[in-house]
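Coordinates as given in coords13.pdb (PDB, C-alpha atoms, pLDDT in the B column):
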```pdb
ATOM      1  CA  MET A 173      -7.027   3.228 -30.020  1.00 95.00           C
ATOM      2  CA  LYS A 174      -9.405   0.488 -31.050  1.00 95.00           C
ATOM      3  CA  PHE A 175     -12.307  -0.795 -28.999  1.00 95.00           C
ATOM      4  CA  ILE A 176     -12.836  -4.406 -30.051  1.00 94.00           C
ATOM      5  CA  GLY A 177     -16.170  -5.629 -28.781  1.00 88.00           C
ATOM      6  CA  LYS A 178     -16.816  -4.842 -25.139  1.00 87.00           C
ATOM      7  CA  LYS A 179     -13.801  -6.531 -23.678  1.00 93.00           C
ATOM      8  CA  THR A 180     -10.688  -5.512 -25.582  1.00 96.00           C
ATOM      9  CA  ILE A 181      -8.978  -2.186 -26.170  1.00 97.00           C
ATOM     10  CA  LYS A 182      -6.020  -2.200 -28.529  1.00 97.00           C
ATOM     11  CA  LEU A 183      -3.412   0.551 -28.375  1.00 98.00           C
ATOM     12  CA  ARG A 184      -0.495   1.292 -30.668  1.00 97.00           C
ATOM     13  CA  LYS A 185       1.094   3.810 -28.380  1.00 97.00           C
ATOM     14  CA  GLU A 186       4.716   4.299 -27.424  1.00 97.00           C
ATOM     15  CA  ILE A 187       5.525   2.652 -24.121  1.00 97.00           C
ATOM     16  CA  ASN A 188       6.655   4.945 -21.290  1.00 97.00           C
ATOM     17  CA  GLU A 189       8.572   4.249 -18.073  1.00 97.00           C
ATOM     18  CA  LEU A 190       5.370   3.901 -16.053  1.00 97.00           C
ATOM     19  CA  ASP A 191       4.017   1.294 -18.489  1.00 97.00           C
ATOM     20  CA  LYS A 192       7.282  -0.674 -18.263  1.00 97.00           C
ATOM     21  CA  PHE A 193       7.105  -0.470 -14.474  1.00 97.00           C
ATOM     22  CA  VAL A 194       3.558  -1.888 -14.546  1.00 98.00           C
ATOM     23  CA  PHE A 195       4.196  -4.640 -17.129  1.00 98.00           C
ATOM     24  CA  ARG A 196       7.187  -5.912 -15.148  1.00 98.00           C
ATOM     25  CA  PHE A 197       5.195  -6.137 -11.919  1.00 98.00           C
ATOM     26  CA  ILE A 198       2.163  -7.748 -13.556  1.00 98.00           C
ATOM     27  CA  LYS A 199       4.323 -10.521 -15.032  1.00 97.00           C
ATOM     28  CA  ILE A 200       5.249 -11.525 -11.467  1.00 98.00           C
ATOM     29  CA  LEU A 201       1.790 -10.993  -9.987  1.00 98.00           C
ATOM     30  CA  GLU A 202      -0.072 -13.085 -12.561  1.00 97.00           C
ATOM     31  CA  LYS A 203       2.032 -16.127 -11.753  1.00 97.00           C
ATOM     32  CA  TYR A 204       0.211 -16.232  -8.419  1.00 97.00           C
ATOM     33  CA  THR A 205      -3.210 -14.707  -8.903  1.00 97.00           C
ATOM     34  CA  ASN A 206      -5.864 -13.129 -11.041  1.00 98.00           C
ATOM     35  CA  TYR A 207      -5.933  -9.313 -10.865  1.00 98.00           C
ATOM     36  CA  ALA A 208      -7.544  -6.145 -12.195  1.00 98.00           C
ATOM     37  CA  ILE A 209      -5.854  -2.765 -12.430  1.00 97.00           C
ATOM     38  CA  VAL A 210      -8.334   0.005 -11.677  1.00 95.00           C
ATOM     39  CA  SER A 211      -8.568   3.764 -11.304  1.00 91.00           C
ATOM     40  CA  GLY A 212      -5.854   6.308 -12.234  1.00 94.00           C
ATOM     41  CA  TYR A 213      -3.445   4.171 -14.237  1.00 97.00           C
ATOM     42  CA  VAL A 214      -6.274   2.999 -16.500  1.00 97.00           C
ATOM     43  CA  ALA A 215      -6.988   6.604 -17.484  1.00 97.00           C
ATOM     44  CA  ILE A 216      -3.241   7.190 -17.938  1.00 98.00           C
ATOM     45  CA  ILE A 217      -2.585   4.155 -20.132  1.00 98.00           C
ATOM     46  CA  LEU A 218      -5.516   5.264 -22.284  1.00 98.00           C
ATOM     47  CA  GLY A 219      -3.934   8.692 -22.723  1.00 97.00           C
ATOM     48  CA  ARG A 220      -4.757  10.933 -19.758  1.00 97.00           C
ATOM     49  CA  ASN A 221      -1.965  13.438 -19.378  1.00 94.00           C
ATOM     50  CA  ARG A 222      -1.075  13.136 -15.712  1.00 95.00           C
ATOM     51  CA  GLY A 223       1.217  11.199 -13.404  1.00 93.00           C
ATOM     52  CA  THR A 224       0.417   8.963 -10.476  1.00 95.00           C
ATOM     53  CA  ASP A 225       2.216   7.822  -7.373  1.00 93.00           C
ATOM     54  CA  ASP A 226       0.350   4.517  -7.173  1.00 95.00           C
ATOM     55  CA  VAL A 227      -1.196   1.863  -9.360  1.00 97.00           C
ATOM     56  CA  ASP A 228      -4.323   0.316  -7.822  1.00 97.00           C
ATOM     57  CA  ILE A 229      -4.688  -3.421  -8.169  1.00 98.00           C
ATOM     58  CA  ILE A 230      -7.495  -5.659  -6.957  1.00 97.00           C
ATOM     59  CA  ILE A 231      -6.759  -9.329  -6.353  1.00 98.00           C
ATOM     60  CA  PRO A 232      -9.052 -12.100  -5.106  1.00 97.00           C
ATOM     61  CA  LYS A 233      -8.766 -13.133  -1.457  1.00 96.00           C
ATOM     62  CA  MET A 234      -5.786 -15.458  -1.047  1.00 95.00           C
ATOM     63  CA  ASP A 235      -4.489 -17.547   1.817  1.00 95.00           C
ATOM     64  CA  LYS A 236      -1.346 -16.678   3.713  1.00 95.00           C
ATOM     65  CA  VAL A 237       0.741 -19.370   2.022  1.00 95.00           C
ATOM     66  CA  LYS A 238       0.017 -18.005  -1.436  1.00 95.00           C
ATOM     67  CA  ILE A 239       0.591 -14.391  -0.350  1.00 96.00           C
ATOM     68  CA  ASN A 240       3.871 -15.473   1.162  1.00 96.00           C
ATOM     69  CA  GLU A 241       4.964 -17.029  -2.153  1.00 97.00           C
ATOM     70  CA  LEU A 242       4.090 -13.837  -4.015  1.00 97.00           C
ATOM     71  CA  TYR A 243       5.794 -11.722  -1.366  1.00 97.00           C
ATOM     72  CA  LYS A 244       9.017 -13.741  -1.512  1.00 96.00           C
ATOM     73  CA  ASP A 245       9.131 -13.618  -5.300  1.00 97.00           C
ATOM     74  CA  LEU A 246       8.639  -9.841  -5.273  1.00 97.00           C
ATOM     75  CA  ILE A 247      11.408  -9.387  -2.702  1.00 97.00           C
ATOM     76  CA  LYS A 248      13.708 -11.574  -4.805  1.00 97.00           C
ATOM     77  CA  LYS A 249      13.000  -9.413  -7.848  1.00 97.00           C
ATOM     78  CA  GLY A 250      13.960  -6.151  -6.092  1.00 97.00           C
ATOM     79  CA  TYR A 251      10.647  -4.932  -4.648  1.00 97.00           C
ATOM     80  CA  TRP A 252       9.825  -4.177  -1.037  1.00 96.00           C
ATOM     81  CA  CYS A 253       6.614  -3.743   0.895  1.00 96.00           C
ATOM     82  CA  ILE A 254       6.418  -0.171   2.200  1.00 94.00           C
ATOM     83  CA  ASN A 255       3.951  -1.066   4.955  1.00 93.00           C
ATOM     84  CA  SER A 256       5.969  -3.792   6.611  1.00 91.00           C
ATOM     85  CA  GLY A 257       8.793  -6.256   6.139  1.00 92.00           C
ATOM     86  CA  ASP A 258       6.977  -8.909   8.135  1.00 93.00           C
ATOM     87  CA  ILE A 259       4.740 -11.273   6.178  1.00 94.00           C
ATOM     88  CA  GLU A 260       2.439 -11.726   9.202  1.00 93.00           C
ATOM     89  CA  ASP A 261       1.829  -7.955   9.246  1.00 92.00           C
ATOM     90  CA  VAL A 262       1.425  -7.821   5.485  1.00 94.00           C
ATOM     91  CA  TYR A 263      -1.264 -10.498   5.543  1.00 95.00           C
ATOM     92  CA  LYS A 264      -2.980  -8.888   8.523  1.00 94.00           C
ATOM     93  CA  ILE A 265      -3.146  -5.518   6.742  1.00 93.00           C
ATOM     94  CA  LEU A 266      -4.606  -7.158   3.641  1.00 94.00           C
ATOM     95  CA  THR A 267      -7.269  -9.085   5.501  1.00 94.00           C
ATOM     96  CA  GLU A 268      -8.294  -6.088   7.598  1.00 90.00           C
ATOM     97  CA  LYS A 269      -9.737  -4.565   4.430  1.00 73.00           C
ATOM     98  CA  SER A 270      -6.751  -2.377   3.884  1.00 88.00           C
ATOM     99  CA  SER A 271      -4.076  -2.322   1.195  1.00 94.00           C
ATOM    100  CA  ILE A 272      -0.376  -3.061   0.940  1.00 95.00           C
ATOM    101  CA  ARG A 273       2.085  -1.201  -1.218  1.00 96.00           C
ATOM    102  CA  PHE A 274       5.041  -2.582  -3.144  1.00 97.00           C
ATOM    103  CA  ALA A 275       7.731  -0.418  -4.710  1.00 96.00           C
ATOM    104  CA  VAL A 276      11.115  -0.950  -6.270  1.00 95.00           C
ATOM    105  CA  LYS A 277      13.810  -0.814  -3.584  1.00 92.00           C
ATOM    106  CA  PRO A 278      14.774   1.615  -2.088  1.00 89.00           C
ATOM    107  CA  GLY A 279      12.109   4.037  -3.391  1.00 90.00           C
ATOM    108  CA  PHE A 280       8.429   4.202  -2.607  1.00 90.00           C
ATOM    109  CA  SER A 281       6.942   6.120  -5.522  1.00 91.00           C
ATOM    110  CA  PRO A 282       5.414   5.005  -7.729  1.00 95.00           C
ATOM    111  CA  ASN A 283       4.120   1.900  -6.010  1.00 96.00           C
ATOM    112  CA  PHE A 284       1.522  -0.803  -6.450  1.00 98.00           C
ATOM    113  CA  GLU A 285      -1.391  -0.586  -4.028  1.00 97.00           C
ATOM    114  CA  ILE A 286      -2.827  -4.068  -3.706  1.00 97.00           C
ATOM    115  CA  LYS A 287      -6.202  -4.834  -2.153  1.00 96.00           C
ATOM    116  CA  PHE A 288      -8.274  -7.964  -1.743  1.00 96.00           C
ATOM    117  CA  ALA A 289     -11.599  -7.828  -3.567  1.00 95.00           C
ATOM    118  CA  LYS A 290     -14.106  -6.600  -0.995  1.00 91.00           C
ATOM    119  CA  ASN A 291     -17.409  -6.003  -2.765  1.00 90.00           C
ATOM    120  CA  GLU A 292     -19.473  -7.046  -5.769  1.00 89.00           C
ATOM    121  CA  TYR A 293     -17.834  -4.379  -7.963  1.00 89.00           C
ATOM    122  CA  ASP A 294     -14.345  -5.720  -7.254  1.00 93.00           C
ATOM    123  CA  LEU A 295     -15.593  -9.225  -8.048  1.00 94.00           C
ATOM    124  CA  ILE A 296     -17.065  -8.026 -11.367  1.00 92.00           C
ATOM    125  CA  ALA A 297     -13.675  -6.479 -12.189  1.00 93.00           C
ATOM    126  CA  LEU A 298     -11.950  -9.808 -11.573  1.00 96.00           C
ATOM    127  CA  LYS A 299     -14.575 -12.006 -13.201  1.00 95.00           C
ATOM    128  CA  GLU A 300     -15.208  -9.979 -16.347  1.00 93.00           C
ATOM    129  CA  PRO A 301     -11.996  -8.187 -17.190  1.00 95.00           C
ATOM    130  CA  VAL A 302     -11.404  -5.781 -20.021  1.00 96.00           C
ATOM    131  CA  ILE A 303      -8.054  -6.416 -21.705  1.00 97.00           C
ATOM    132  CA  ILE A 304      -5.883  -3.491 -22.758  1.00 97.00           C
ATOM    133  CA  GLN A 305      -3.358  -4.666 -25.346  1.00 97.00           C
ATOM    134  CA  ILE A 306      -0.212  -2.837 -26.433  1.00 97.00           C
ATOM    135  CA  GLY A 307       1.923  -4.871 -28.799  1.00 93.00           C
ATOM    136  CA  ASN A 308       2.843  -8.066 -26.977  1.00 94.00           C
ATOM    137  CA  GLU A 309       1.914  -6.670 -23.577  1.00 96.00           C
ATOM    138  CA  GLN A 310      -1.486  -6.670 -21.963  1.00 97.00           C
ATOM    139  CA  ILE A 311      -3.112  -5.714 -18.696  1.00 97.00           C
ATOM    140  CA  LYS A 312      -6.498  -6.534 -17.202  1.00 98.00           C
ATOM    141  CA  THR A 313      -8.868  -3.873 -15.983  1.00 97.00           C
ATOM    142  CA  SER A 314     -12.605  -3.596 -15.350  1.00 94.00           C
ATOM    143  CA  PHE A 315     -15.427  -2.191 -17.484  1.00 94.00           C
ATOM    144  CA  LEU A 316     -14.886   1.518 -18.092  1.00 95.00           C
ATOM    145  CA  GLU A 317     -18.561   2.061 -17.217  1.00 96.00           C
ATOM    146  CA  LEU A 318     -17.927   0.734 -13.724  1.00 94.00           C
ATOM    147  CA  GLN A 319     -14.788   2.827 -13.275  1.00 94.00           C
ATOM    148  CA  ILE A 320     -16.562   5.994 -14.431  1.00 96.00           C
ATOM    149  CA  ALA A 321     -19.504   5.340 -12.112  1.00 96.00           C
ATOM    150  CA  TYR A 322     -17.207   4.631  -9.167  1.00 94.00           C
ATOM    151  CA  LYS A 323     -15.176   7.767  -9.729  1.00 95.00           C
ATOM    152  CA  GLU A 324     -18.244   9.987 -10.151  1.00 96.00           C
ATOM    153  CA  GLU A 325     -20.277   8.474  -7.348  1.00 95.00           C
ATOM    154  CA  ILE A 326     -17.818   7.314  -4.669  1.00 93.00           C
ATOM    155  CA  LEU A 327     -14.387   8.901  -5.099  1.00 93.00           C
ATOM    156  CA  THR A 328     -15.540  12.328  -6.427  1.00 95.00           C
ATOM    157  CA  THR A 329     -12.264  14.268  -6.005  1.00 94.00           C
ATOM    158  CA  ASN A 330     -11.377  16.697  -8.801  1.00 94.00           C
ATOM    159  CA  LYS A 331      -8.801  14.232 -10.096  1.00 95.00           C
ATOM    160  CA  ASP A 332     -11.366  11.417 -10.200  1.00 96.00           C
ATOM    161  CA  MET A 333     -14.030  13.565 -11.869  1.00 97.00           C
ATOM    162  CA  GLU A 334     -11.442  14.567 -14.487  1.00 97.00           C
ATOM    163  CA  ASP A 335     -10.427  10.924 -15.035  1.00 97.00           C
ATOM    164  CA  ALA A 336     -14.098   9.996 -15.447  1.00 97.00           C
ATOM    165  CA  GLN A 337     -14.656  12.783 -17.963  1.00 97.00           C
ATOM    166  CA  PHE A 338     -11.552  11.725 -19.887  1.00 98.00           C
ATOM    167  CA  LEU A 339     -12.651   8.077 -19.997  1.00 97.00           C
ATOM    168  CA  ARG A 340     -16.148   9.102 -21.162  1.00 96.00           C
ATOM    169  CA  ASP A 341     -14.718  11.306 -23.915  1.00 97.00           C
ATOM    170  CA  ILE A 342     -12.186   8.862 -25.353  1.00 97.00           C
ATOM    171  CA  SER A 343     -14.644   5.962 -25.318  1.00 95.00           C
ATOM    172  CA  LYS A 344     -17.605   7.875 -26.741  1.00 92.00           C
ATOM    173  CA  GLY A 345     -19.695   5.545 -28.888  1.00 91.00           C
ATOM    174  CA  PHE A 346     -18.314   2.438 -27.191  1.00 92.00           C
ATOM    175  CA  ILE A 347     -19.393   2.792 -23.598  1.00 94.00           C
ATOM    176  CA  ASN A 348     -22.919   2.229 -22.416  1.00 94.00           C
ATOM    177  CA  GLU A 349     -24.267   5.352 -20.662  1.00 94.00           C
ATOM    178  CA  ALA A 350     -27.284   3.425 -19.358  1.00 96.00           C
ATOM    179  CA  LEU A 351     -24.916   0.989 -17.650  1.00 94.00           C
ATOM    180  CA  ILE A 352     -23.040   3.891 -16.005  1.00 96.00           C
ATOM    181  CA  ARG A 353     -26.358   5.229 -14.675  1.00 96.00           C
ATOM    182  CA  GLU A 354     -27.289   1.761 -13.436  1.00 95.00           C
ATOM    183  CA  TYR A 355     -23.949   1.287 -11.629  1.00 94.00           C
ATOM    184  CA  LYS A 356     -24.251   4.754 -10.084  1.00 94.00           C
ATOM    185  CA  LYS A 357     -27.733   3.954  -8.833  1.00 94.00           C
ATOM    186  CA  ARG A 358     -26.480   0.733  -7.292  1.00 92.00           C
ATOM    187  CA  LEU A 359     -23.476   2.475  -5.743  1.00 90.00           C
ATOM    188  CA  ARG A 360     -25.840   5.010  -4.151  1.00 89.00           C
ATOM    189  CA  GLY A 361     -27.642   2.044  -2.671  1.00 84.00           C
ATOM    190  CA  LYS A 362     -30.893   2.600  -4.551  1.00 61.00           C
TER     191      LYS A 362
ATOM    192  CA  MET B  92     -11.833  42.835 -10.482  1.00 65.00           C
ATOM    193  CA  ARG B  93     -11.968  41.001  -7.121  1.00 70.00           C
ATOM    194  CA  PHE B  94     -12.384  37.269  -6.610  1.00 72.00           C
ATOM    195  CA  ASN B  95     -12.794  35.304  -3.462  1.00 86.00           C
ATOM    196  CA  ALA B  96     -11.032  31.969  -2.886  1.00 88.00           C
ATOM    197  CA  LYS B  97     -14.156  29.982  -3.766  1.00 86.00           C
ATOM    198  CA  GLU B  98     -14.505  31.723  -7.126  1.00 87.00           C
ATOM    199  CA  ILE B  99     -10.821  31.242  -7.900  1.00 88.00           C
ATOM    200  CA  ARG B 100     -11.086  27.523  -7.103  1.00 88.00           C
ATOM    201  CA  LYS B 101     -14.173  27.225  -9.296  1.00 87.00           C
ATOM    202  CA  LEU B 102     -12.414  28.948 -12.212  1.00 89.00           C
ATOM    203  CA  ASN B 103      -9.369  26.747 -11.715  1.00 89.00           C
ATOM    204  CA  ASP B 104     -11.528  23.598 -11.733  1.00 90.00           C
ATOM    205  CA  GLU B 105     -13.266  24.763 -14.895  1.00 92.00           C
ATOM    206  CA  ASP B 106      -9.926  25.446 -16.569  1.00 93.00           C
ATOM    207  CA  ARG B 107      -8.644  22.000 -15.653  1.00 93.00           C
ATOM    208  CA  MET B 108     -11.788  20.294 -16.938  1.00 96.00           C
ATOM    209  CA  TRP B 109     -11.600  22.304 -20.163  1.00 96.00           C
ATOM    210  CA  PHE B 110      -8.068  21.015 -20.693  1.00 96.00           C
ATOM    211  CA  VAL B 111      -9.081  17.406 -19.905  1.00 97.00           C
ATOM    212  CA  LYS B 112     -11.790  17.584 -22.592  1.00 97.00           C
ATOM    213  CA  LYS B 113      -9.451  19.235 -25.087  1.00 97.00           C
ATOM    214  CA  TRP B 114      -6.769  16.598 -24.507  1.00 97.00           C
ATOM    215  CA  ALA B 115      -9.318  13.762 -24.751  1.00 98.00           C
ATOM    216  CA  HIS B 116     -10.395  15.177 -28.111  1.00 97.00           C
ATOM    217  CA  TYR B 117      -6.761  15.240 -29.210  1.00 98.00           C
ATOM    218  CA  VAL B 118      -6.303  11.595 -28.142  1.00 98.00           C
ATOM    219  CA  ARG B 119      -9.453  10.575 -30.045  1.00 96.00           C
ATOM    220  CA  THR B 120      -8.465  12.344 -33.218  1.00 97.00           C
ATOM    221  CA  HIS B 121      -4.755  11.521 -33.428  1.00 97.00           C
ATOM    222  CA  PRO B 122      -2.870   8.224 -33.829  1.00 98.00           C
ATOM    223  CA  ASP B 123      -1.735   6.570 -30.593  1.00 98.00           C
ATOM    224  CA  LYS B 124       1.915   7.044 -31.530  1.00 97.00           C
ATOM    225  CA  VAL B 125       1.399  10.831 -31.794  1.00 98.00           C
ATOM    226  CA  TRP B 126      -0.403  11.537 -28.511  1.00 98.00           C
ATOM    227  CA  SER B 127       1.670   9.001 -26.564  1.00 98.00           C
ATOM    228  CA  LYS B 128       4.920  10.619 -27.669  1.00 97.00           C
ATOM    229  CA  GLN B 129       3.735  13.867 -26.075  1.00 97.00           C
ATOM    230  CA  GLN B 130       2.280  12.162 -23.009  1.00 97.00           C
ATOM    231  CA  ASN B 131       5.526  10.263 -22.456  1.00 97.00           C
ATOM    232  CA  VAL B 132       7.530  13.472 -22.045  1.00 97.00           C
ATOM    233  CA  LEU B 133       5.483  14.233 -18.914  1.00 97.00           C
ATOM    234  CA  ILE B 134       5.251  10.675 -17.584  1.00 97.00           C
ATOM    235  CA  ASN B 135       8.932   9.852 -18.063  1.00 97.00           C
ATOM    236  CA  SER B 136      10.014  13.055 -16.388  1.00 96.00           C
ATOM    237  CA  LEU B 137       7.685  12.396 -13.420  1.00 95.00           C
ATOM    238  CA  MET B 138       9.100   8.876 -13.119  1.00 95.00           C
ATOM    239  CA  LYS B 139      12.606  10.310 -13.059  1.00 92.00           C
ATOM    240  CA  ASN B 140      11.700  12.924 -10.437  1.00 91.00           C
ATOM    241  CA  ALA B 141       9.956  10.371  -8.220  1.00 89.00           C
ATOM    242  CA  LYS B 142      13.359   8.907  -7.389  1.00 83.00           C
ATOM    243  CA  HIS B 143      14.397  12.174  -5.754  1.00 84.00           C
ATOM    244  CA  SER B 144      11.541  12.491  -3.270  1.00 83.00           C
ATOM    245  CA  LYS B 145      12.515  14.022   0.067  1.00 84.00           C
ATOM    246  CA  LEU B 146       9.762  12.162   1.909  1.00 87.00           C
ATOM    247  CA  THR B 147      10.472   9.085   3.974  1.00 88.00           C
ATOM    248  CA  PRO B 148       8.279   6.008   3.404  1.00 86.00           C
ATOM    249  CA  LYS B 149       6.700   6.636   6.817  1.00 87.00           C
ATOM    250  CA  GLU B 150       5.810  10.218   5.907  1.00 90.00           C
ATOM    251  CA  TYR B 151       4.391   8.982   2.603  1.00 90.00           C
ATOM    252  CA  LEU B 152       2.142   6.436   4.345  1.00 90.00           C
ATOM    253  CA  LYS B 153       1.019   9.152   6.789  1.00 90.00           C
ATOM    254  CA  ILE B 154       0.026  11.426   3.920  1.00 89.00           C
ATOM    255  CA  LYS B 155      -1.917   8.513   2.441  1.00 87.00           C
ATOM    256  CA  GLY B 156      -3.711   8.095   5.770  1.00 86.00           C
ATOM    257  CA  GLU B 157      -2.323   4.581   6.218  1.00 83.00           C
ATOM    258  CA  LEU B 158      -0.173   5.258   9.252  1.00 79.00           C
ATOM    259  CA  LYS B 159      -1.137   7.015  12.457  1.00 66.00           C
TER     260      LYS B 159
END
```

Now, as a test, write the supplied structure out as structure tokens.
Amino acid sequence: MKFIGKKTIKLRKEINELDKFVFRFIKILEKYTNYAIVSGYVAIILGRNRGTDDVDIIIPKMDKVKINELYKDLIKKGYWCINSGDIEDVYKILTEKSSIRFAVKPGFSPNFEIKFAKNEYDLIALKEPVIIQIGNEQIKTSFLELQIAYKEEILTTNKDMEDAQFLRDISKGFINEALIREYKKRLRGK
Amino acid sequence: MRFNAKEIRKLNDEDRMWFVKKWAHYVRTHPDKVWSKQQNVLINSLMKNAKHSKLTPKEYLKIKGELK
């Protein structure tokens, strides 16, 4: 694993079925929008030894027409939206600050949990992505400092605290501890 | 030796965190190809098992707190 500057992480790992599942979906998604994968899958792609039933993805706010185009393309490629088969519903769920989930038909796990960016941290993730490269594939995520702070300050379940510890340990010497403290302070509202 | 549930949970959490740190050290000190080969055994088997879930999508969304 190589940390190149602050914005690129290069991996020479063997691809697993979850990675393939993510790369395939991202190729469709990025035709329509910017995105950032956050949370559990980021720890997993960087080596954390655990599974996940969803991959969290933040996208910028989009209008209904664009969401409809994305939705139709996903349906055509064998995905379905677990929440609803009605595009009106899907858009309503997204705009009501909730998330929608897409899975490969007819299953539902794992799935992609997609949310509109809703705060300054989501916007940072979209605006200043960190690229994780594996061979010819790449995904966009947000600064590890922000993900660690969010997990330790907001999410705080055992799983999240373990992910945060794992990310800290594997990126020792490359992450900025002062920045984590700063993000945590801001997340606490101080 | 007697433990109460709280103590058992605490010991379990400590054990899990110990393993997370140990595995992170392994990832840092071994080539990507080596750790990923081991990680993939777990991930690929979980992906295979996910197809056999007994839950319905509705039950899944309920568990996630996204359906009342």

Practice task
Do me a favour and pick out the residues of chain A within 8 Å of chain B, using only C-alpha atoms, as a PyMOL selection string.
Solution key: chain A and resi 173+183-190+219-223+254-255+279-282+330+334+337-338+341-342

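Between A:Leu295 and the candidates A:Leu318, A:Ile311, A:Ile217, A:Val262, the tightest atom-to-atom separation, counting all atoms listed in the file, involves A:Leu318.
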
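Separating atom CA of A:Ala321 from atom CA of A:Leu351 is a distance of 8.9 Å.
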
Exercise for the section: Expand the PyMOL selection byres ((chain A and resi 312) around 7) into the individual residues it matches in the shown file, reporting them as a list in words. Expected result: Tyr207, Ala208, Ile209, Pro301, Val302, Ile303, Ile304, Gln310, Ile311 and Thr313 of chain A

Starting from 6 Å padding per side, set up an axis-aligned box that covers all listed atoms of stretch 123-140 of chain B and hand over centre and edge lengths in Å, one decimal, as lines of an AutoDock Vina configuration file.
```
center_x = 5.4
center_y = 10.4
center_z = -21.1
size_x = 26.3
size_y = 19.7
size_z = 33.4
```

Problem - Nearest to A:Leu316 by atom-to-atom distance, counting all atoms listed in the file, from A:Leu242, A:Ile247, A:Ala336, A:Ile229 - result: A:Ala336

Problem - Who sits within 12 Å of A:Ile231, only C-alpha atoms, same chain under 3 positions skipped, as a PyMOL selection string - result: chain A and resi 198+201-202+204-210+228+234-235+239+242+266-267+271-272+284-291+294-299+312-313

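Counting from atom CA of A:Asp335, the distance to atom CA of A:Ile216 is 8.6 Å.
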
Handout entry: Of the listed residues A:Lys248, A:Lys323, A:Glu317, A:Met333, that which approaches A:Asn348 most closely, counting only C-alpha atoms
Key = A:Glu317

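Going from atom CA of B:Arg93 over to atom CA of B:Asp106, you cover 18.3 Å.
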
Fill in the blank from the handout: Between A:Arg340, A:Lys192, A:Arg358, A:Arg273, smallest distance to A:Leu246 by only C-alpha atoms belongs to A:Arg273

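Summary of the local environment: counting all atoms listed in the file, residues at most 9 Å from A:Tyr251, other than itself and those fewer than 3 positions away along its chain, are A:Tyr243, A:Asp245, A:Leu246, A:Ile247, A:Lys248, A:Phe274, A:Ala275, A:Val276, A:Lys277, A:Pro278.
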